[in-house]
Amino acid sequence: MSALIGYAAAVCVAAGLLAGLVVLVVARDGRLALRVALDLWLAAGLLRLALPPSWDQLLSAAAIIAVRQLVGLGLGPSRAASTGEK
Amino acid sequence: MDDVLGEEWLSHSVDLLVRLVETAGALIIFVGAMTALVRFVVVGLRDRRTRAFVPVRLGLGRFLALGLEFQLASDILRTAIAPTLREIAELAAVAAIRTALNFFLAREIRQERAELARSEGRATPDPVDEPAGRPS
């Protein structure tokens, strides 16, 4: 079960990279691409939290999630979308 | 009677329930992430506008919030069978992270929804936010 969740988290990380790349290529908006990638990396962090908790894993998952939240707050709510059509 | 309602039996039952609920939460998060990935690619190829990605992010946020609710439910269940102080501390840390994330996600979804409504020129609130019994 732990291995399965680990794979699922890795798939989510790869999905974040792919989705971010798609958004970057299509919309040519780095901020939006980063936000999209961070959303999917957050999903990976949440999946890692479902693993049997050890302090190391807990701290690394919490750090990833905290970084994601800080960057998200720094980018602001949908600032990219509010700038209008590209 | 002790065999049926013994501490060990209770521990096994709760452990099974915890695994079930936790798996459901993880499954929801994974399915949401994969659905969002497919939609990001489809929207990117079909509708090449920045604004078109906002509903997809909104959908992903909803999936993540739902998965978090399930995981929080499993944390609550686990408190029934956390015998050592160390386990309780780990449980409290995980629950605190999940609760904080749930709060931030809910706030982000609210902001994105308002942004979407503004950009579409209408102010239709989500039915979930409507107070019960209020006529629509």
# chains A, B, ... in the order shown; residues from 1 in each chain; ligands from 1
>>> residues_around(residues="range 40-53 of chain B", least_positions_apart="4", cutoff="12 Å", atoms="only C-alpha atoms", output="PyMOL selection string")
(chain A and resi 15-33+35-37+39-40+78-86) or (chain B and resi 32-36+57-60+112+115-120)
>>> write_last_selection(atoms="N, CA and C atoms", output="short mmCIF file (atom, residue, chain, number, x, y, z; two decimals), in the first residue's frame")
data_model
loop_
_atom_site.label_atom_id
_atom_site.label_comp_id
_atom_site.auth_asym_id
_atom_site.auth_seq_id
_atom_site.Cartn_x
_atom_site.Cartn_y
_atom_site.Cartn_z
N ALA A 15 2.93 14.70 -13.35
CA ALA A 15 1.75 15.37 -13.92
C ALA A 15 1.87 16.89 -13.75
N GLY A 16 2.39 17.31 -12.60
CA GLY A 16 2.59 18.75 -12.35
C GLY A 16 3.56 19.35 -13.34
N LEU A 17 4.65 18.63 -13.60
CA LEU A 17 5.64 19.10 -14.58
C LEU A 17 5.02 19.22 -15.97
N LEU A 18 4.26 18.17 -16.35
CA LEU A 18 3.65 18.14 -17.69
C LEU A 18 2.61 19.25 -17.84
N ALA A 19 1.72 19.35 -16.83
CA ALA A 19 0.65 20.36 -16.90
C ALA A 19 1.25 21.77 -16.91
N GLY A 20 2.26 21.99 -16.07
CA GLY A 20 2.91 23.30 -16.03
C GLY A 20 3.54 23.64 -17.38
N LEU A 21 4.14 22.64 -18.00
CA LEU A 21 4.76 22.84 -19.31
C LEU A 21 3.71 23.17 -20.36
N VAL A 22 2.58 22.44 -20.32
CA VAL A 22 1.50 22.69 -21.28
C VAL A 22 1.00 24.12 -21.14
N VAL A 23 0.76 24.54 -19.89
CA VAL A 23 0.24 25.89 -19.65
C VAL A 23 1.27 26.94 -20.08
N LEU A 24 2.53 26.65 -19.81
CA LEU A 24 3.60 27.60 -20.18
C LEU A 24 3.67 27.76 -21.70
N VAL A 25 3.56 26.65 -22.42
CA VAL A 25 3.66 26.69 -23.88
C VAL A 25 2.42 27.36 -24.48
N VAL A 26 1.24 26.97 -23.96
CA VAL A 26 -0.01 27.46 -24.55
C VAL A 26 -0.29 28.91 -24.16
N ALA A 27 -0.24 29.20 -22.84
CA ALA A 27 -0.63 30.53 -22.38
C ALA A 27 0.54 31.49 -22.30
N ARG A 28 1.75 30.98 -22.35
CA ARG A 28 2.97 31.79 -22.22
C ARG A 28 2.92 32.67 -20.97
N ASP A 29 2.50 32.04 -19.87
CA ASP A 29 2.37 32.75 -18.60
C ASP A 29 3.08 31.91 -17.52
N GLY A 30 4.25 32.34 -17.12
CA GLY A 30 5.04 31.57 -16.16
C GLY A 30 4.38 31.43 -14.81
N ARG A 31 3.72 32.52 -14.37
CA ARG A 31 3.06 32.49 -13.05
C ARG A 31 1.96 31.44 -13.01
N LEU A 32 1.12 31.47 -14.05
CA LEU A 32 0.02 30.51 -14.10
C LEU A 32 0.56 29.09 -14.20
N ALA A 33 1.60 28.90 -15.00
CA ALA A 33 2.20 27.58 -15.15
C ALA A 33 2.72 27.07 -13.81
N ARG A 35 1.70 28.01 -10.82
CA ARG A 35 0.56 27.74 -9.94
C ARG A 35 -0.07 26.39 -10.27
N VAL A 36 -0.21 26.10 -11.56
CA VAL A 36 -0.79 24.82 -11.99
C VAL A 36 0.10 23.66 -11.52
N ALA A 37 1.41 23.82 -11.72
CA ALA A 37 2.34 22.77 -11.30
C ALA A 37 2.30 22.59 -9.78
N ASP A 39 -0.21 23.18 -7.81
CA ASP A 39 -1.47 22.51 -7.43
C ASP A 39 -1.30 21.00 -7.46
N LEU A 40 -0.67 20.51 -8.54
CA LEU A 40 -0.50 19.06 -8.67
C LEU A 40 0.58 18.53 -7.72
N SER A 78 -5.06 34.21 -8.74
CA SER A 78 -5.42 34.29 -10.16
C SER A 78 -5.00 35.59 -10.80
N ARG A 79 -3.86 36.07 -10.38
CA ARG A 79 -3.42 37.35 -10.94
C ARG A 79 -3.23 37.20 -12.46
N ALA A 80 -2.76 36.01 -12.78
CA ALA A 80 -2.51 35.75 -14.20
C ALA A 80 -3.80 35.80 -15.00
N ALA A 81 -4.86 35.20 -14.41
CA ALA A 81 -6.13 35.14 -15.13
C ALA A 81 -6.75 36.53 -15.25
N SER A 82 -6.52 37.39 -14.21
CA SER A 82 -7.16 38.69 -14.21
C SER A 82 -6.48 39.67 -15.17
N THR A 83 -5.30 39.29 -15.66
CA THR A 83 -4.63 40.20 -16.59
C THR A 83 -5.29 40.17 -17.96
N GLY A 84 -6.21 39.26 -18.13
CA GLY A 84 -6.96 39.22 -19.38
C GLY A 84 -6.50 38.14 -20.32
N GLU A 85 -7.14 38.13 -21.48
CA GLU A 85 -6.86 37.08 -22.46
C GLU A 85 -5.49 37.28 -23.08
N LYS A 86 -4.89 36.15 -23.42
CA LYS A 86 -3.59 36.25 -24.08
C LYS A 86 -3.73 35.85 -25.52
N GLY B 32 -8.52 13.09 -8.89
CA GLY B 32 -8.66 14.53 -9.15
C GLY B 32 -7.45 15.07 -9.89
N ALA B 33 -6.26 14.65 -9.46
CA ALA B 33 -5.02 15.13 -10.09
C ALA B 33 -4.94 14.66 -11.54
N MET B 34 -5.30 13.39 -11.78
CA MET B 34 -5.21 12.86 -13.15
C MET B 34 -6.27 13.50 -14.06
N THR B 35 -7.49 13.69 -13.49
CA THR B 35 -8.54 14.36 -14.26
C THR B 35 -8.09 15.77 -14.64
N ALA B 36 -7.49 16.46 -13.67
CA ALA B 36 -7.04 17.83 -13.91
C ALA B 36 -5.96 17.85 -14.98
N ARG B 57 -8.46 24.47 -12.51
CA ARG B 57 -7.80 24.60 -11.20
C ARG B 57 -8.84 24.54 -10.09
N LEU B 58 -10.01 25.15 -10.36
CA LEU B 58 -11.10 25.13 -9.39
C LEU B 58 -11.55 23.69 -9.11
N GLY B 59 -11.70 22.92 -10.20
CA GLY B 59 -12.10 21.51 -10.07
C GLY B 59 -11.07 20.70 -9.28
N LEU B 60 -9.79 20.94 -9.57
CA LEU B 60 -8.72 20.23 -8.86
C LEU B 60 -8.75 20.59 -7.38
N GLU B 112 -10.95 31.94 -6.27
CA GLU B 112 -10.96 31.57 -7.70
C GLU B 112 -12.38 31.66 -8.26
N GLU B 115 -13.35 35.19 -8.74
CA GLU B 115 -12.63 35.69 -9.92
C GLU B 115 -13.31 35.25 -11.20
N LEU B 116 -13.70 33.96 -11.22
CA LEU B 116 -14.35 33.38 -12.39
C LEU B 116 -15.68 34.06 -12.65
N ALA B 117 -16.47 34.27 -11.56
CA ALA B 117 -17.78 34.90 -11.70
C ALA B 117 -17.62 36.33 -12.21
N ARG B 118 -16.58 37.03 -11.69
CA ARG B 118 -16.33 38.41 -12.12
C ARG B 118 -15.97 38.45 -13.61
N SER B 119 -15.11 37.52 -13.99
CA SER B 119 -14.64 37.54 -15.39
C SER B 119 -15.75 37.15 -16.36
N GLU B 120 -16.72 36.36 -15.87
CA GLU B 120 -17.83 35.97 -16.75
C GLU B 120 -18.97 36.97 -16.68
#
>>> select_by_dssp(residues="chain B", states="alpha helix (DSSP H)", output="compact mmCIF listing (two decimals) with C-alpha atoms, in the first residue's frame")
# COMPACT_ATOMS: atom_id res chain seq x y z
CA GLU B 7 -9.65 -4.07 22.92
CA GLU B 8 -7.78 -6.02 20.27
CA TRP B 9 -10.90 -6.61 18.20
CA LEU B 10 -11.79 -2.91 18.46
CA SER B 11 -8.27 -1.97 17.45
CA HIS B 12 -8.41 -4.21 14.36
CA SER B 13 -11.84 -2.91 13.33
CA VAL B 14 -10.84 0.73 13.69
CA ASP B 15 -7.57 0.04 11.87
CA LEU B 16 -9.51 -1.45 8.96
CA LEU B 17 -11.87 1.53 8.87
CA VAL B 18 -8.92 3.93 8.98
CA ARG B 19 -7.30 2.16 6.03
CA LEU B 20 -10.56 2.23 4.07
CA VAL B 21 -11.21 5.93 4.65
CA GLU B 22 -7.55 6.87 4.06
CA THR B 23 -7.51 4.88 0.80
CA ALA B 24 -10.70 6.61 -0.31
CA GLY B 25 -9.10 10.00 0.41
CA ALA B 26 -5.90 9.12 -1.46
CA LEU B 27 -7.94 7.75 -4.39
CA ILE B 28 -9.99 10.95 -4.61
CA ILE B 29 -6.82 13.09 -4.61
CA PHE B 30 -5.15 10.91 -7.26
CA VAL B 31 -8.23 10.74 -9.51
CA GLY B 32 -8.66 14.53 -9.15
CA ALA B 33 -5.02 15.13 -10.09
CA MET B 34 -5.21 12.86 -13.15
CA THR B 35 -8.54 14.36 -14.26
CA ALA B 36 -7.04 17.83 -13.91
CA LEU B 37 -3.97 16.81 -15.94
CA VAL B 38 -6.15 15.53 -18.79
CA ARG B 39 -8.30 18.66 -18.67
CA PHE B 40 -5.23 20.93 -18.62
CA VAL B 41 -3.94 19.24 -21.78
CA VAL B 42 -7.36 19.26 -23.50
CA VAL B 43 -8.03 22.92 -22.59
CA GLY B 44 -4.49 23.81 -23.65
CA LEU B 45 -4.94 22.24 -27.07
CA ARG B 46 -8.55 23.29 -27.65
CA VAL B 54 -9.21 28.68 -14.04
CA PRO B 55 -12.20 26.25 -13.96
CA VAL B 56 -9.78 23.32 -14.20
CA ARG B 57 -7.80 24.60 -11.20
CA LEU B 58 -11.10 25.13 -9.39
CA GLY B 59 -12.10 21.51 -10.07
CA LEU B 60 -8.72 20.23 -8.86
CA GLY B 61 -9.04 22.32 -5.69
CA ARG B 62 -12.42 20.75 -4.99
CA PHE B 63 -11.03 17.23 -5.41
CA LEU B 64 -8.11 18.05 -3.10
CA ALA B 65 -10.44 19.54 -0.46
CA LEU B 66 -12.69 16.45 -0.62
CA GLY B 67 -9.71 14.10 -0.31
CA LEU B 68 -8.46 16.12 2.65
CA GLU B 69 -11.84 15.77 4.36
CA PHE B 70 -11.57 11.99 4.04
CA GLN B 71 -8.02 12.01 5.38
CA LEU B 72 -9.12 14.16 8.31
CA ALA B 73 -11.91 11.67 8.99
CA SER B 74 -9.31 8.89 9.11
CA ASP B 75 -7.22 10.97 11.56
CA ILE B 76 -10.24 11.33 13.81
CA LEU B 77 -10.86 7.56 13.62
CA ARG B 78 -7.21 6.88 14.41
CA LEU B 85 2.17 9.58 23.27
CA ARG B 86 4.47 9.49 20.23
CA GLU B 87 1.71 8.18 17.97
CA ILE B 88 -0.68 10.81 19.28
CA ALA B 89 1.91 13.54 18.62
CA GLU B 90 2.42 12.33 15.03
CA LEU B 91 -1.32 12.14 14.55
CA ALA B 92 -1.73 15.69 15.89
CA ALA B 93 0.96 16.98 13.51
CA VAL B 94 -0.66 15.33 10.47
CA ALA B 95 -4.13 16.51 11.50
CA ALA B 96 -2.84 20.07 12.05
CA ILE B 97 -1.22 20.14 8.59
CA ARG B 98 -4.36 18.78 6.95
CA THR B 99 -6.67 21.18 8.80
CA ALA B 100 -4.53 24.20 7.88
CA LEU B 101 -4.39 23.02 4.26
CA ASN B 102 -8.13 22.52 4.16
CA PHE B 103 -8.58 26.12 5.36
CA PHE B 104 -6.20 27.54 2.74
CA LEU B 105 -7.71 25.41 -0.02
CA ALA B 106 -11.24 26.52 0.85
CA ARG B 107 -10.10 30.16 0.80
CA GLU B 108 -8.36 29.70 -2.54
CA ILE B 109 -11.42 28.01 -4.07
CA ARG B 110 -13.59 30.93 -2.85
CA GLN B 111 -11.22 33.47 -4.40
CA GLU B 112 -10.96 31.57 -7.70
CA ARG B 113 -14.74 31.21 -7.90
CA ALA B 114 -15.25 34.93 -7.28
CA GLU B 115 -12.63 35.69 -9.92
CA LEU B 116 -14.35 33.38 -12.39
CA ALA B 117 -17.78 34.90 -11.70
CA ARG B 118 -16.33 38.41 -12.12
CA SER B 119 -14.64 37.54 -15.39
>>> residues_around(residues="Ala8 in chain A", least_positions_apart="3", cutoff="8 Å", atoms="only C-alpha atoms", output="list in words")
Leu4, Ile5, Val11, Cys12, Ala44 and Leu47 of chain A; Phe30 of chain B
>>> closest_residue(among="A:Ala62, A:Pro52, A:Leu73, A:Leu46", to="Val13 in chain A", atoms="only C-alpha atoms")
A:Leu46
>>> residues_around(residues="Arg68 in chain A", least_positions_apart="2", cutoff="10 Å", atoms="only C-alpha atoms", output="ChimeraX atom specification")
/A:34-35,37-39,41-42,45,62-66,70-74
>>> write_last_selection(atoms="C-alpha atoms", output="PDB file, in the first residue's frame")
ATOM      1  CA  LEU A  34       3.894  27.589 -11.749  1.00  0.00           C
ATOM      2  CA  ARG A  35       0.558  27.743  -9.936  1.00  0.00           C
ATOM      3  CA  ALA A  37       2.341  22.768 -11.298  1.00  0.00           C
ATOM      4  CA  LEU A  38       2.188  23.628  -7.597  1.00  0.00           C
ATOM      5  CA  ASP A  39      -1.466  22.512  -7.432  1.00  0.00           C
ATOM      6  CA  TRP A  41       2.606  18.935  -6.475  1.00  0.00           C
ATOM      7  CA  LEU A  42       0.310  19.751  -3.541  1.00  0.00           C
ATOM      8  CA  GLY A  45       2.335  16.125  -0.893  1.00  0.00           C
ATOM      9  CA  ALA A  62       5.018  19.744   5.551  1.00  0.00           C
ATOM     10  CA  ALA A  63       7.966  21.651   4.044  1.00  0.00           C
ATOM     11  CA  ILE A  64       6.780  20.970   0.474  1.00  0.00           C
ATOM     12  CA  ILE A  65       3.260  22.042   1.356  1.00  0.00           C
ATOM     13  CA  ALA A  66       4.494  25.183   3.173  1.00  0.00           C
ATOM     14  CA  LEU A  70       4.040  30.565   0.338  1.00  0.00           C
ATOM     15  CA  VAL A  71       4.703  30.673  -3.398  1.00  0.00           C
ATOM     16  CA  GLY A  72       0.954  30.535  -4.050  1.00  0.00           C
ATOM     17  CA  LEU A  73       0.347  33.467  -1.699  1.00  0.00           C
ATOM     18  CA  GLY A  74       3.229  35.360  -3.276  1.00  0.00           C
TER      19      GLY A  74
END
>>> atom_distance(atom1="CA of Met1 in chain A", atom2="CA of Ala80 in chain B")
22.0 Å
>>> atom_distance(atom1="CA of Leu51 in chain A", atom2="CA of Gly6 in chain B")
27.6 Å
>>> atom_distance(atom1="CA of Ala43 in chain A", atom2="CA of Ile81 in chain B")
27.0 Å
